[in-house]
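Data file: query-v2.csv. Format and content: CSV, C-alpha atoms.
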chain,number,residue,atom,x,y,z
A,322,MET,CA,12.9,-16.0,21.0
A,323,LYS,CA,14.3,-16.9,17.6
A,324,LYS,CA,17.3,-14.9,16.4
A,325,ILE,CA,17.0,-13.5,12.9
A,326,PHE,CA,20.2,-12.3,11.3
A,327,GLN,CA,19.6,-10.1,8.3
A,328,VAL,CA,22.3,-8.9,6.0
A,329,GLY,CA,21.3,-5.9,3.8
A,330,ALA,CA,19.6,-2.7,5.0
A,331,GLY,CA,18.7,-1.1,1.7
A,332,LEU,CA,15.2,0.0,0.8
A,333,VAL,CA,13.6,-3.5,1.0
A,334,GLY,CA,16.0,-4.7,3.8
A,335,LYS,CA,15.0,-1.7,5.9
A,336,THR,CA,11.3,-2.5,5.5
A,337,MET,CA,11.9,-6.2,6.4
A,338,ALA,CA,14.0,-5.3,9.4
A,339,LEU,CA,11.6,-2.8,10.9
A,340,ASP,CA,8.7,-5.2,10.4
A,341,LEU,CA,10.4,-8.4,11.7
A,342,SER,CA,11.9,-6.6,14.7
A,343,LYS,CA,8.4,-6.2,16.2
A,344,ASN,CA,8.2,-9.9,17.1
A,345,HIS,CA,11.7,-11.2,16.8
A,346,GLU,CA,15.2,-10.6,18.0
A,347,LEU,CA,16.7,-9.0,14.9
A,348,HIS,CA,20.4,-8.6,14.1
A,349,LEU,CA,21.0,-6.3,11.1
A,350,GLY,CA,24.2,-6.1,9.2
A,351,ASP,CA,25.3,-3.9,6.3
A,352,THR,CA,28.5,-2.1,5.1
A,353,ASN,CA,26.8,1.3,5.5
A,354,LEU,CA,27.1,2.2,9.2
A,355,ASN,CA,25.1,5.5,8.8
A,356,LEU,CA,22.2,3.6,7.3
A,357,LEU,CA,22.3,1.0,10.1
A,358,LYS,CA,22.3,3.8,12.7
A,359,LYS,CA,19.3,5.5,11.0
A,360,ILE,CA,17.3,2.2,11.1
A,361,LYS,CA,18.2,1.6,14.7
A,362,SER,CA,16.9,5.1,15.5
A,363,GLU,CA,13.5,4.0,14.3
A,364,ASP,CA,13.7,0.8,16.4
A,365,SER,CA,16.2,0.6,19.2
A,366,SER,CA,15.7,-3.2,19.7
A,367,ILE,CA,17.4,-3.9,16.4
A,368,GLN,CA,21.0,-4.9,17.0
A,369,ILE,CA,23.3,-3.5,14.2
A,370,SER,CA,26.7,-4.5,12.9
A,371,GLN,CA,28.8,-3.2,10.1
A,372,ILE,CA,29.4,-6.4,8.1
A,373,ASP,CA,30.9,-7.0,4.7
A,374,VAL,CA,29.7,-10.4,3.2
A,375,GLN,CA,32.8,-10.5,1.1
A,376,ASP,CA,34.9,-10.9,4.3
A,377,LYS,CA,33.8,-14.5,4.7
A,378,GLU,CA,35.4,-15.2,8.1
A,379,VAL,CA,33.9,-12.2,9.7
A,380,PHE,CA,30.5,-13.0,8.1
A,381,LYS,CA,30.6,-16.6,9.3
A,382,SER,CA,31.4,-15.5,12.8
A,383,TRP,CA,28.6,-12.9,12.7
A,384,ILE,CA,25.9,-15.5,11.6
A,385,ALA,CA,27.1,-18.2,14.0
A,386,GLU,CA,24.3,-17.5,16.5
A,387,ALA,CA,21.5,-17.1,13.9
A,388,ASP,CA,18.4,-19.3,13.9
A,389,ILE,CA,17.8,-18.1,10.4
A,390,VAL,CA,19.6,-15.7,8.0
A,391,LEU,CA,17.8,-13.3,5.7
A,392,LEU,CA,19.9,-12.2,2.7
A,393,ALA,CA,18.9,-8.9,1.1
A,394,VAL,CA,22.1,-7.8,-0.6
A,395,PRO,CA,22.6,-6.6,-4.2
A,396,GLY,CA,22.5,-9.6,-6.6
A,397,PHE,CA,26.2,-9.4,-7.5
A,398,LEU,CA,27.0,-10.2,-3.9
A,399,GLY,CA,24.2,-12.7,-3.3
A,400,PHE,CA,25.5,-16.0,-4.7
A,401,GLU,CA,28.7,-16.1,-2.7
A,402,ALA,CA,27.0,-14.8,0.4
A,403,LEU,CA,24.3,-17.5,0.0
A,404,ARG,CA,27.0,-20.2,-0.4
A,405,THR,CA,28.7,-19.0,2.8
A,406,ILE,CA,25.4,-19.1,4.7
A,407,VAL,CA,24.7,-22.6,3.5
A,408,GLU,CA,28.2,-23.8,4.3
A,409,CYS,CA,27.6,-22.6,7.9
A,410,GLY,CA,24.5,-24.8,8.1
A,411,LYS,CA,22.1,-21.9,8.5
A,412,ASN,CA,18.5,-21.8,7.1
A,413,VAL,CA,18.2,-18.8,4.8
A,414,VAL,CA,15.6,-16.8,2.9
A,415,ASP,CA,17.3,-15.0,0.0
A,416,ILE,CA,15.7,-12.1,-1.8
A,417,SER,CA,18.9,-11.1,-3.7
A,418,PHE,CA,18.1,-12.6,-7.1
A,419,SER,CA,21.7,-13.5,-8.1
A,420,PRO,CA,22.6,-13.9,-11.8
A,421,GLU,CA,24.3,-17.2,-11.0
A,422,ASN,CA,22.3,-20.4,-10.8
A,423,VAL,CA,21.5,-20.6,-7.1
A,424,LEU,CA,20.1,-24.1,-7.5
A,425,SER,CA,23.7,-25.3,-8.0
A,426,LEU,CA,23.9,-25.0,-4.2
A,427,ASN,CA,21.2,-27.7,-3.8
A,428,ASP,CA,23.6,-30.5,-3.0
A,429,LEU,CA,25.5,-28.4,-0.5
A,430,ALA,CA,22.2,-27.4,1.2
A,431,LYS,CA,21.2,-31.0,1.5
A,432,LYS,CA,24.6,-32.0,2.9
A,433,ASN,CA,24.3,-29.3,5.5
A,434,ASN,CA,20.6,-29.9,6.2
A,435,VAL,CA,19.7,-26.4,5.2
A,436,CYS,CA,16.4,-25.1,4.0
A,437,ALA,CA,17.2,-22.3,1.5
A,438,VAL,CA,14.4,-20.3,0.1
A,439,VAL,CA,16.1,-18.6,-2.8
A,440,ASP,CA,15.0,-15.8,-5.2
A,441,ALA,CA,12.3,-15.0,-2.7
A,442,GLY,CA,12.0,-11.3,-3.7
A,443,VAL,CA,8.6,-10.0,-4.8
A,444,ALA,CA,9.3,-9.8,-8.6
A,445,PRO,CA,11.1,-11.6,-9.9
A,446,GLY,CA,11.1,-14.2,-7.2
A,447,ILE,CA,8.2,-15.4,-5.2
A,448,PRO,CA,6.0,-15.8,-8.3
A,449,ASN,CA,8.4,-18.5,-9.5
A,450,PHE,CA,7.5,-20.7,-6.5
A,451,LEU,CA,3.9,-20.9,-7.6
A,452,PRO,CA,2.6,-23.9,-9.5
A,453,PRO,CA,1.8,-22.9,-13.1
A,454,LYS,CA,-1.9,-22.9,-12.5
A,455,TYR,CA,-1.4,-20.0,-9.9
A,456,ARG,CA,0.9,-17.9,-12.0
A,457,THR,CA,-0.3,-14.7,-13.7
A,458,THR,CA,1.4,-12.5,-16.2
A,459,ASN,CA,-0.9,-9.6,-15.4
A,460,THR,CA,0.2,-8.5,-11.9
A,461,THR,CA,2.6,-9.6,-9.2
A,462,THR,CA,-0.1,-8.8,-6.6
A,463,LEU,CA,-2.4,-11.4,-7.9
A,464,THR,CA,0.4,-14.0,-7.8
A,465,ILE,CA,1.3,-13.0,-4.2
A,466,LEU,CA,-2.3,-13.2,-3.2
A,467,CYS,CA,-2.5,-16.7,-4.6
A,468,LEU,CA,0.6,-17.7,-2.7
A,469,LEU,CA,-0.7,-16.2,0.5
A,470,ARG,CA,-4.0,-18.1,0.0
A,471,ILE,CA,-2.0,-21.4,-0.3
A,472,PHE,CA,-0.2,-20.7,2.9
A,473,ASN,CA,-3.2,-19.1,4.6
A,474,ILE,CA,-1.2,-16.1,5.7
A,475,GLY,CA,-2.5,-12.8,6.7
A,476,GLY,CA,-4.6,-11.3,9.4
A,477,PRO,CA,-6.4,-8.2,10.5
A,478,ASP,CA,-3.3,-6.1,11.1
A,479,GLU,CA,-1.3,-7.5,8.1
A,480,PRO,CA,-2.3,-6.5,4.6
A,481,LEU,CA,-2.3,-9.4,2.2
A,482,GLY,CA,0.4,-9.2,-0.4
A,483,SER,CA,2.7,-6.8,1.5
A,484,PRO,CA,6.3,-7.8,1.1
A,485,ALA,CA,6.6,-8.0,4.9
A,486,SER,CA,3.8,-10.5,5.2
A,487,VAL,CA,5.2,-12.6,2.4
A,488,LEU,CA,8.6,-12.7,4.0
A,489,LYS,CA,7.1,-13.5,7.3
A,490,SER,CA,5.4,-16.6,5.8
A,491,PHE,CA,8.7,-17.9,4.5
A,492,VAL,CA,10.5,-17.1,7.8
A,493,LEU,CA,7.8,-19.0,9.7
A,494,ILE,CA,8.0,-21.9,7.3
A,495,SER,CA,11.7,-22.1,7.7
A,496,PHE,CA,11.5,-21.9,11.5
A,497,ASN,CA,9.2,-24.9,11.4
A,498,ASN,CA,11.5,-26.8,9.0
A,499,VAL,CA,8.9,-27.0,6.3
A,500,ASN,CA,9.9,-27.0,2.7
A,501,PRO,CA,7.7,-24.4,1.0
A,502,LEU,CA,7.8,-26.2,-2.3
A,503,ASN,CA,6.4,-29.4,-0.7
A,504,SER,CA,3.6,-27.3,0.7
A,505,LEU,CA,2.8,-25.8,-2.7
A,506,TYR,CA,2.7,-29.0,-4.6
A,507,ALA,CA,1.1,-31.2,-1.9
Rewrite the structure of this file - the entire thing - as structure tokens.
Amino acid sequence: MKKIFQVGAGLVGKTMALDLSKNHELHLGDTNLNLLKKIKSEDSSIQISQIDVQDKEVFKSWIAEADIVLLAVPGFLGFEALRTIVECGKNVVDISFSPENVLSLNDLAKKNNVCAVVDAGVAPGIPNFLPPKYRTTNTTTLTILCLLRIFNIGGPDEPLGSPASVLKSFVLISFNNVNPLNSLYA
């Protein structure tokens, strides 16, 4: 079973963790131990750790066993945490939406053979991955539905357009070493 290490257990992070833990070994880290314990009480299979991404050595040690890292921290923490993850050679899906230019880490990601799906939050984020012909200014939902149609994601027990199903699509793509941008523009 693949090991997902997710840092960030806020509102979106909690939803991601509870959904992904159903089918994956999930390690969840956050600075707020009370929040982590509350999430673990909802799913005892989630392995929790009090982690501060600003303590780089502890963070590096924590993600060492990860098959993929999900980054769901506040934007002001996102860029440096993303850099640390990429330096460790870990594939990553980042929903943090950092104010810095995350694409400046492209050369580092290539050097370390890392697939980094950045700015993958629902809005802003995932709509930016879409080719212009699929973008919409009306609603994020239509944009996400277009993206899911491109990836053929969804099923009877997974509502199309849910943040969890969108994230799962990126996690599955990353596990299979597929660059989602190549899939979109192929």
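Pairwise distance (CA of Ala385 (chain A), CA of Val333 (chain A)) equals 23.8 Å.
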Cut-off 9 Å around (22.1, -14.5, -9.2) with only C-alpha atoms: residues as a ChimeraX atom specification: /A:396-400,417-423,440
Separation of CA of Asp373 (chain A) from CA of Ala402 (chain A) in Å: 9.7 Å
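Within 12 Å of the file-frame point (24.6, -31.6, 7.6), and using only C-alpha atoms, the polymer residues found are Val407, Glu408, Cys409, Gly410, Lys411, Asn412, Asp428, Leu429, Ala430, Lys431, Lys432, Asn433, Asn434, Val435 and Cys436 of chain A.
Taking all atoms listed in the file into account, Ala387 (chain A) lies nearest to A:Val413 out of the set A:Lys361, A:Asn427, A:Val413, A:Gln371.
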Straight-line distance linking CA of Lys377 (chain A) with CA of Val390 (chain A), stated in Å to one decimal: 14.6 Å
Within 7 Å of Ile416 (chain A) using all atoms listed in the file, minus same-chain residues under 4 positions, as a PyMOL selection string: chain A and resi 392-393+439-442
Now that the selection is made, can you save its residues with C-alpha atoms as a compact mmCIF listing (two decimals), keeping the file's coordinate frame?
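For reference, result-v4.txt as written:
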# COMPACT_ATOMS: atom_id res chain seq x y z
CA LEU A 392 19.90 -12.20 2.70
CA ALA A 393 18.90 -8.90 1.10
CA VAL A 439 16.10 -18.60 -2.80
CA ASP A 440 15.00 -15.80 -5.20
CA ALA A 441 12.30 -15.00 -2.70
CA GLY A 442 12.00 -11.30 -3.70
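The residue set within 10 Å of Asp364 (chain A), counting only C-alpha atoms and dropping same-chain residues fewer than 2 places from it, reads Ala338, Leu339, Asp340, Ser342, Lys343, Lys358, Lys359, Ile360, Lys361, Ser362, Ser366, Ile367 and Gln368 of chain A.
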Output file for the residues above (C-alpha atoms, as an mmCIF file, in the coordinates of the input):
data_model
loop_
_atom_site.group_PDB
_atom_site.id
_atom_site.type_symbol
_atom_site.label_atom_id
_atom_site.label_comp_id
_atom_site.auth_asym_id
_atom_site.auth_seq_id
_atom_site.Cartn_x
_atom_site.Cartn_y
_atom_site.Cartn_z
ATOM 1 C CA ALA A 338 14.000 -5.300 9.400
ATOM 2 C CA LEU A 339 11.600 -2.800 10.900
ATOM 3 C CA ASP A 340 8.700 -5.200 10.400
ATOM 4 C CA SER A 342 11.900 -6.600 14.700
ATOM 5 C CA LYS A 343 8.400 -6.200 16.200
ATOM 6 C CA LYS A 358 22.300 3.800 12.700
ATOM 7 C CA LYS A 359 19.300 5.500 11.000
ATOM 8 C CA ILE A 360 17.300 2.200 11.100
ATOM 9 C CA LYS A 361 18.200 1.600 14.700
ATOM 10 C CA SER A 362 16.900 5.100 15.500
ATOM 11 C CA SER A 366 15.700 -3.200 19.700
ATOM 12 C CA ILE A 367 17.400 -3.900 16.400
ATOM 13 C CA GLN A 368 21.000 -4.900 17.000
#
Among listed residues A:Gly334, A:Val438, A:Thr352, A:Phe326, nearest Trp383 (chain A) (using only C-alpha atoms): A:Phe326
Residue nearest Met337 (chain A) among A:Ala437, A:Val414, A:Leu403, A:Leu426 (counting only C-alpha atoms): A:Val414
Surrounding residues of Gly331 (chain A) excluding itself and chain neighbours under 2 positions, 9 Å, all atoms listed in the file, as a tab-separated table (two decimals) with C-alpha atoms, in the coordinates of the input:
chain	number	residue	atom	x	y	z
A	329	GLY	CA	21.30	-5.90	3.80
A	333	VAL	CA	13.60	-3.50	1.00
A	334	GLY	CA	16.00	-4.70	3.80
A	335	LYS	CA	15.00	-1.70	5.90
A	336	THR	CA	11.30	-2.50	5.50
A	351	ASP	CA	25.30	-3.90	6.30
A	356	LEU	CA	22.20	3.60	7.30
A	393	ALA	CA	18.90	-8.90	1.10
A	394	VAL	CA	22.10	-7.80	-0.60
A	395	PRO	CA	22.60	-6.60	-4.20
